[in-house]
Amino acid sequence: MSLRVYNTLTNKKEDLEPVTPGKIGMYLCGPTVYKPSHIGHMVGPVIFDVVKRHLVYCGYDVTFVVNVTDIDDKLIVEAAKRDMTVAALAEEMTADYMNNLSAMGIDTIDHFPRATDNMQNIIDFISGLIEKGYAYESDGDVYFDVGKDAEYGKLSNRRPDDMQGEGGGTATRKRSPLDFALWKSAKPGEPTWESPWAPGRPGWHIECSAMSKALLGETFDFHGGGLDLVFPHHENEVAQSECLHGKPQANYWLHNGLMQAPDEVGKLGGRNTRTREEGEDDGQLVGDQDAQEAGKMGKSKGASAFSALLERHPAEAIRLLLISTHYRSPILFSEDEIRASAERLETFYRFFKRYERVTGDSFYELPLNENRDAGDKHLAGASNEATDFAGMFEELSALRQNFLARMDDDFNTAAAIGNLYEALGVLNRFIEEQKLEGAGKTNDAAQAALRNATITFRELAGILGLFRQPPQSASGANDEFVDQLMQLLIQIRADARKAKNFDLADTVRNQLTEIGVTLEDRADGTTWELKR
RNA sequence: GGCGCCGUAGCCAAGUGGUAAGGCGGCGGAUUGCAAAUCCGCUAUUCGCCGGUUCGAAUCCGGCCGGCGCCUCCA
């Protein structure tokens, strides 16, 4: 087994060779905490959460760092607008970010360094660059001298000659328009930190160079972020770090595709609109609603608060949507797409309930194989125990190999999800073939095999961060009072059916369907489910 | 203008030289009093268009059309 990753630096897939055998250091550029996070802020964390899970599964010891930029022009402006301190604003928005990460089940991040906690590291870094002649002070500001870096442009594949650089108010203090600020002297009223130059604050790019060095060393393995950060942010980071250290900052640069904002979807979607008009008969109203919704979101560029999105959609549906496309591709995002994703999830949830009916055990209580060796051993052992079911285990094993091979090849989550669906088919088919469902059906050997096979399924889903915890159930589903009422209705209908009064039975069922309750009749009774 | 990405079924989406994964939806069958759920089968002779390389191309090359991103501190 060898892992391959696509490296923005070389524009190629490369074999993974860690700096230190068995260990991986990864750094992801986090948010500037001046506003509540939106969906786009979750893309990187979800993807790299899966990356880390897969690496850990493969036996690596992984350190995952996500920084928080808590001092920046945008914070200063927003804090002034809201008449609060920059620190208080940063605190509020950092908490929002953390809540969202945790709602998304992202619990793999080891460090969240903040810029304001790293001032000495940043200042030392800048001093080092000045000493080596790569940076210069000008009027209390410090700038990186792009002209001194012969390799500048190698990450984003641009030549300095082709770039325009930023002009603006600081242009006169810079030797070249391409030079960028490492330290900005403060204007009156702005938060400041003492420095060898003027009191002020760090530039954005230098924070990441200093913090990644502090936590992961001068050269580490993965550096990630959105594609929009390749230039200038990451280009500048590379320049700073490599000029100071004389060695690579990160060996592999991984960049995720960006969210396609709803207003852009609208633009693309001449296509969407057309098919809708030509398509469904009842599409009229739906289409109008969608258009309205898209328009609303368009105004805010789809940047509505992520916490609000979480009130409308299950976190797991959002996670599935984000990993259903290869991480380097743009992700089509809309409320409809999330709903579709939630629908896809139902197939799995229904199996988990079925598993519970058949075995009496909760899917979520099954042991979770956290690494590849344990998974190999489990499956080999299970299949040896159950020679009668060799066919099923062979199928499952092939799917597992395929799943892992796809994950090994640049974290192809979208393809791997396909294997998950196929594995689900194997499990459901097994239940059918072995007739494990129904009152009084027991077959200990088959049940044990089902349990073992399901453990393997859970292991694979776990790599994607799926189905590790029970999902939040739809409102009402857990309410005991509601369930008692439902049992009453189910009893009435059962009596009607026994008396062959199917009109009454169907009336009960159809009316329930209309208010969003689905009934399922089984050999051993009727179950109900709330669908919203 | 410079750098780069994308165009695969009604929709979403894998696949970067060996004969089109998977999901949603749809159709047919098993099952069911009828449904729901589940299982089985079918649902792209073809990958924006045109040309080229090759025994062989969705995949490589050239051109064209259409969409998108970055080149101003957005993940």
# chains A, B, ... in the order shown; residues from 1 in each chain; ligands from 1

$ select_by_dssp --residues "segment 39-199 of chain A" --states "strand (DSSP E)" --output "list of chain:residue names"
A:Asp61, A:Val62, A:Thr63, A:Phe64, A:Val65, A:Val66, A:Ala135, A:Tyr136, A:Glu137, A:Ser138, A:Asp141, A:Val142, A:Tyr143, A:Phe144, A:Phe180, A:Ala181, A:Leu182, A:Trp183, A:Lys184, A:Ser185

$ interface_residues --of "chain B" --to "chain A" --cutoff "10 Å" --atoms "only C-alpha atoms (C1' of nucleotides)" --output "PyMOL selection string"
chain B and resi 1-6+10-15+21-24+32-39+67-75

$ residues_around --residues "Thr219 of chain A" --least-positions-apart "6" --cutoff "6 Å" --atoms "only C-alpha atoms (C1' of nucleotides)" --output "tab-separated table (two decimals) with all heavy atoms, in the first residue's frame"
chain	number	residue	atom	x	y	z
A	248	PRO	N	12.28	23.38	2.01
A	248	PRO	CA	10.83	23.43	1.73
A	248	PRO	C	10.01	23.66	2.99
A	248	PRO	O	10.35	23.12	4.05
A	248	PRO	CB	10.53	22.04	1.16
A	248	PRO	CG	11.84	21.51	0.70
A	248	PRO	CD	12.88	22.10	1.60
A	249	GLN	N	8.94	24.42	2.86
A	249	GLN	CA	8.04	24.60	4.00
A	249	GLN	C	7.15	23.38	4.15
A	249	GLN	O	7.00	22.84	5.24
A	249	GLN	CB	7.16	25.85	3.81
A	249	GLN	CG	6.23	26.08	5.00
A	249	GLN	CD	5.13	27.10	4.71
A	249	GLN	OE1	4.92	27.52	3.58
A	249	GLN	NE2	4.43	27.51	5.75
A	250	ALA	N	6.51	22.99	3.06
A	250	ALA	CA	5.65	21.81	3.08
A	250	ALA	C	5.97	21.00	1.83
A	250	ALA	O	6.24	21.55	0.77
A	250	ALA	CB	4.18	22.20	3.08

$ residues_around --residues "Gly189 of chain A" --least-positions-apart "3" --cutoff "10 Å" --atoms "only C-alpha atoms (C1' of nucleotides)" --output "list in words"
Ile76, Ala186 and Thr192 of chain A

$ residues_around --residues "Leu436 of chain A" --least-positions-apart "4" --cutoff "8 Å" --atoms "only C-alpha atoms (C1' of nucleotides)" --output "number ranges by chain"
A: 358, 431-432, 441-443, 446-447

$ closest_residue --among "A:Ser102, A:Thr10, A:Thr94, A:Thr108" --to "Phe48 of chain A" --atoms "only C-alpha atoms"
A:Thr108

$ residues_around --residues "G7 of chain B" --least-positions-apart "3" --cutoff "10 Å" --atoms "only C-alpha atoms (C1' of nucleotides)" --output "PyMOL selection string"
chain B and resi 47-48+66-67

$ write_last_selection --atoms "C-alpha atoms (C1' of nucleotides)" --output "PDB file, in the first residue's frame"
ATOM      1  C1'   C B  47     -18.459  10.864 -22.468  1.00  0.00           C
ATOM      2  C1'   G B  48     -19.556  19.642 -25.348  1.00  0.00           C
ATOM      3  C1'   G B  66     -19.769  26.865 -23.564  1.00  0.00           C
ATOM      4  C1'   G B  67     -18.976  27.572 -18.121  1.00  0.00           C
TER       5        G B  67
END

$ select_by_dssp --residues "segment 307-490 of chain A" --states "helix (DSSP H, G or I)" --output "ChimeraX atom specification"
/A:307-312,315-323,335-359,363-365,372-385,387-408,413-433,444-463,480-490

$ decode --residues "segment 319-334 of chain A" --atoms "all heavy atoms" --output "CSV table (one decimal), in the first residue's frame"
chain,number,residue,atom,x,y,z
A,319,ARG,N,-22.1,16.9,5.5
A,319,ARG,CA,-20.8,16.2,5.4
A,319,ARG,C,-20.8,15.3,4.1
A,319,ARG,O,-19.9,15.4,3.3
A,319,ARG,CB,-20.5,15.4,6.6
A,319,ARG,CG,-19.3,14.5,6.5
A,319,ARG,CD,-19.0,13.6,7.7
A,319,ARG,NE,-18.3,14.4,8.7
A,319,ARG,CZ,-17.0,14.4,8.9
A,319,ARG,NH1,-16.2,13.7,8.2
A,319,ARG,NH2,-16.5,15.1,9.9
A,320,LEU,N,-21.9,14.6,4.0
A,320,LEU,CA,-21.9,13.7,2.8
A,320,LEU,C,-21.9,14.5,1.5
A,320,LEU,O,-21.1,14.1,0.6
A,320,LEU,CB,-23.2,12.8,2.8
A,320,LEU,CG,-23.4,11.9,1.7
A,320,LEU,CD1,-22.3,10.8,1.8
A,320,LEU,CD2,-24.8,11.2,1.6
A,321,LEU,N,-22.6,15.6,1.5
A,321,LEU,CA,-22.5,16.4,0.3
A,321,LEU,C,-21.1,16.9,0.0
A,321,LEU,O,-20.6,16.8,-1.2
A,321,LEU,CB,-23.5,17.6,0.4
A,321,LEU,CG,-23.5,18.6,-0.7
A,321,LEU,CD1,-23.9,17.9,-2.0
A,321,LEU,CD2,-24.4,19.8,-0.4
A,322,LEU,N,-20.4,17.3,1.0
A,322,LEU,CA,-19.1,17.9,0.8
A,322,LEU,C,-18.1,16.8,0.3
A,322,LEU,O,-17.1,17.1,-0.3
A,322,LEU,CB,-18.5,18.5,2.1
A,322,LEU,CG,-19.3,19.8,2.6
A,322,LEU,CD1,-18.6,20.4,3.8
A,322,LEU,CD2,-19.4,20.8,1.4
A,323,ILE,N,-18.3,15.6,0.7
A,323,ILE,CA,-17.3,14.5,0.3
A,323,ILE,C,-17.8,13.7,-0.9
A,323,ILE,O,-17.2,12.7,-1.3
A,323,ILE,CB,-16.9,13.6,1.5
A,323,ILE,CG1,-18.1,12.9,2.0
A,323,ILE,CG2,-16.2,14.4,2.6
A,323,ILE,CD1,-17.8,11.9,3.1
A,324,SER,N,-19.0,14.1,-1.4
A,324,SER,CA,-19.5,13.4,-2.6
A,324,SER,C,-18.9,13.8,-3.9
A,324,SER,O,-19.2,13.2,-5.0
A,324,SER,CB,-21.0,13.6,-2.7
A,324,SER,OG,-21.6,12.9,-1.6
A,325,THR,N,-18.1,14.8,-3.8
A,325,THR,CA,-17.4,15.3,-5.0
A,325,THR,C,-15.9,15.2,-4.7
A,325,THR,O,-15.5,15.4,-3.5
A,325,THR,CB,-17.8,16.8,-5.3
A,325,THR,OG1,-19.1,16.8,-5.5
A,325,THR,CG2,-17.0,17.3,-6.5
A,326,HIS,N,-15.1,15.0,-5.7
A,326,HIS,CA,-13.6,14.9,-5.4
A,326,HIS,C,-13.2,16.3,-4.8
A,326,HIS,O,-13.7,17.3,-5.2
A,326,HIS,CB,-12.8,14.6,-6.6
A,326,HIS,CG,-11.4,14.4,-6.3
A,326,HIS,ND1,-10.8,13.2,-6.1
A,326,HIS,CD2,-10.4,15.3,-6.1
A,326,HIS,CE1,-9.6,13.3,-5.7
A,326,HIS,NE2,-9.3,14.6,-5.7
A,327,TYR,N,-12.3,16.2,-3.8
A,327,TYR,CA,-12.0,17.4,-3.0
A,327,TYR,C,-11.4,18.6,-3.9
A,327,TYR,O,-11.6,19.7,-3.5
A,327,TYR,CB,-11.1,17.1,-1.8
A,327,TYR,CG,-9.7,16.9,-2.1
A,327,TYR,CD1,-8.8,18.0,-2.2
A,327,TYR,CD2,-9.2,15.6,-2.4
A,327,TYR,CE1,-7.4,17.8,-2.5
A,327,TYR,CE2,-7.8,15.4,-2.7
A,327,TYR,CZ,-7.0,16.5,-2.7
A,327,TYR,OH,-5.6,16.3,-3.0
A,328,ARG,N,-10.8,18.3,-5.0
A,328,ARG,CA,-10.2,19.4,-5.8
A,328,ARG,C,-11.3,20.0,-6.7
A,328,ARG,O,-11.0,21.0,-7.3
A,328,ARG,CB,-9.0,18.8,-6.6
A,328,ARG,CG,-7.7,19.1,-5.9
A,328,ARG,CD,-6.5,18.7,-6.7
A,328,ARG,NE,-6.4,17.2,-6.7
A,328,ARG,CZ,-6.6,16.5,-7.8
A,328,ARG,NH1,-6.9,17.0,-9.0
A,328,ARG,NH2,-6.5,15.2,-7.7
A,329,SER,N,-12.4,19.4,-6.9
A,329,SER,CA,-13.4,19.9,-7.8
A,329,SER,C,-14.3,20.9,-7.0
A,329,SER,O,-14.5,20.8,-5.8
A,329,SER,CB,-14.3,18.8,-8.3
A,329,SER,OG,-13.5,17.8,-9.0
A,330,PRO,N,-14.9,21.8,-7.8
A,330,PRO,CA,-15.9,22.7,-7.2
A,330,PRO,C,-17.1,21.9,-6.7
A,330,PRO,O,-17.4,20.9,-7.3
A,330,PRO,CB,-16.3,23.7,-8.3
A,330,PRO,CG,-15.8,23.0,-9.5
A,330,PRO,CD,-14.7,22.1,-9.2
A,331,ILE,N,-17.7,22.3,-5.7
A,331,ILE,CA,-18.9,21.6,-5.1
A,331,ILE,C,-20.1,22.4,-5.4
A,331,ILE,O,-20.2,23.6,-5.0
A,331,ILE,CB,-18.8,21.4,-3.6
A,331,ILE,CG1,-17.5,20.6,-3.3
A,331,ILE,CG2,-20.0,20.7,-3.1
A,331,ILE,CD1,-17.1,20.6,-1.9
A,332,LEU,N,-21.1,21.8,-6.1
A,332,LEU,CA,-22.3,22.5,-6.3
A,332,LEU,C,-23.1,22.5,-5.0
A,332,LEU,O,-23.4,21.5,-4.4
A,332,LEU,CB,-23.1,21.6,-7.4
A,332,LEU,CG,-24.0,22.3,-8.3
A,332,LEU,CD1,-23.3,23.4,-9.0
A,332,LEU,CD2,-24.6,21.3,-9.3
A,333,PHE,N,-23.5,23.7,-4.6
A,333,PHE,CA,-24.1,23.8,-3.4
A,333,PHE,C,-25.5,24.5,-3.5
A,333,PHE,O,-25.6,25.6,-4.1
A,333,PHE,CB,-23.3,24.6,-2.4
A,333,PHE,CG,-24.0,25.1,-1.2
A,333,PHE,CD1,-24.2,24.2,-0.1
A,333,PHE,CD2,-24.6,26.3,-1.1
A,333,PHE,CE1,-24.9,24.6,1.0
A,333,PHE,CE2,-25.3,26.7,0.0
A,333,PHE,CZ,-25.5,25.9,1.1
A,334,SER,N,-26.5,23.9,-2.9
A,334,SER,CA,-27.8,24.6,-2.8
A,334,SER,C,-28.6,23.8,-1.7
A,334,SER,O,-28.2,22.7,-1.3
A,334,SER,CB,-28.5,24.6,-4.1
A,334,SER,OG,-29.0,23.2,-4.4
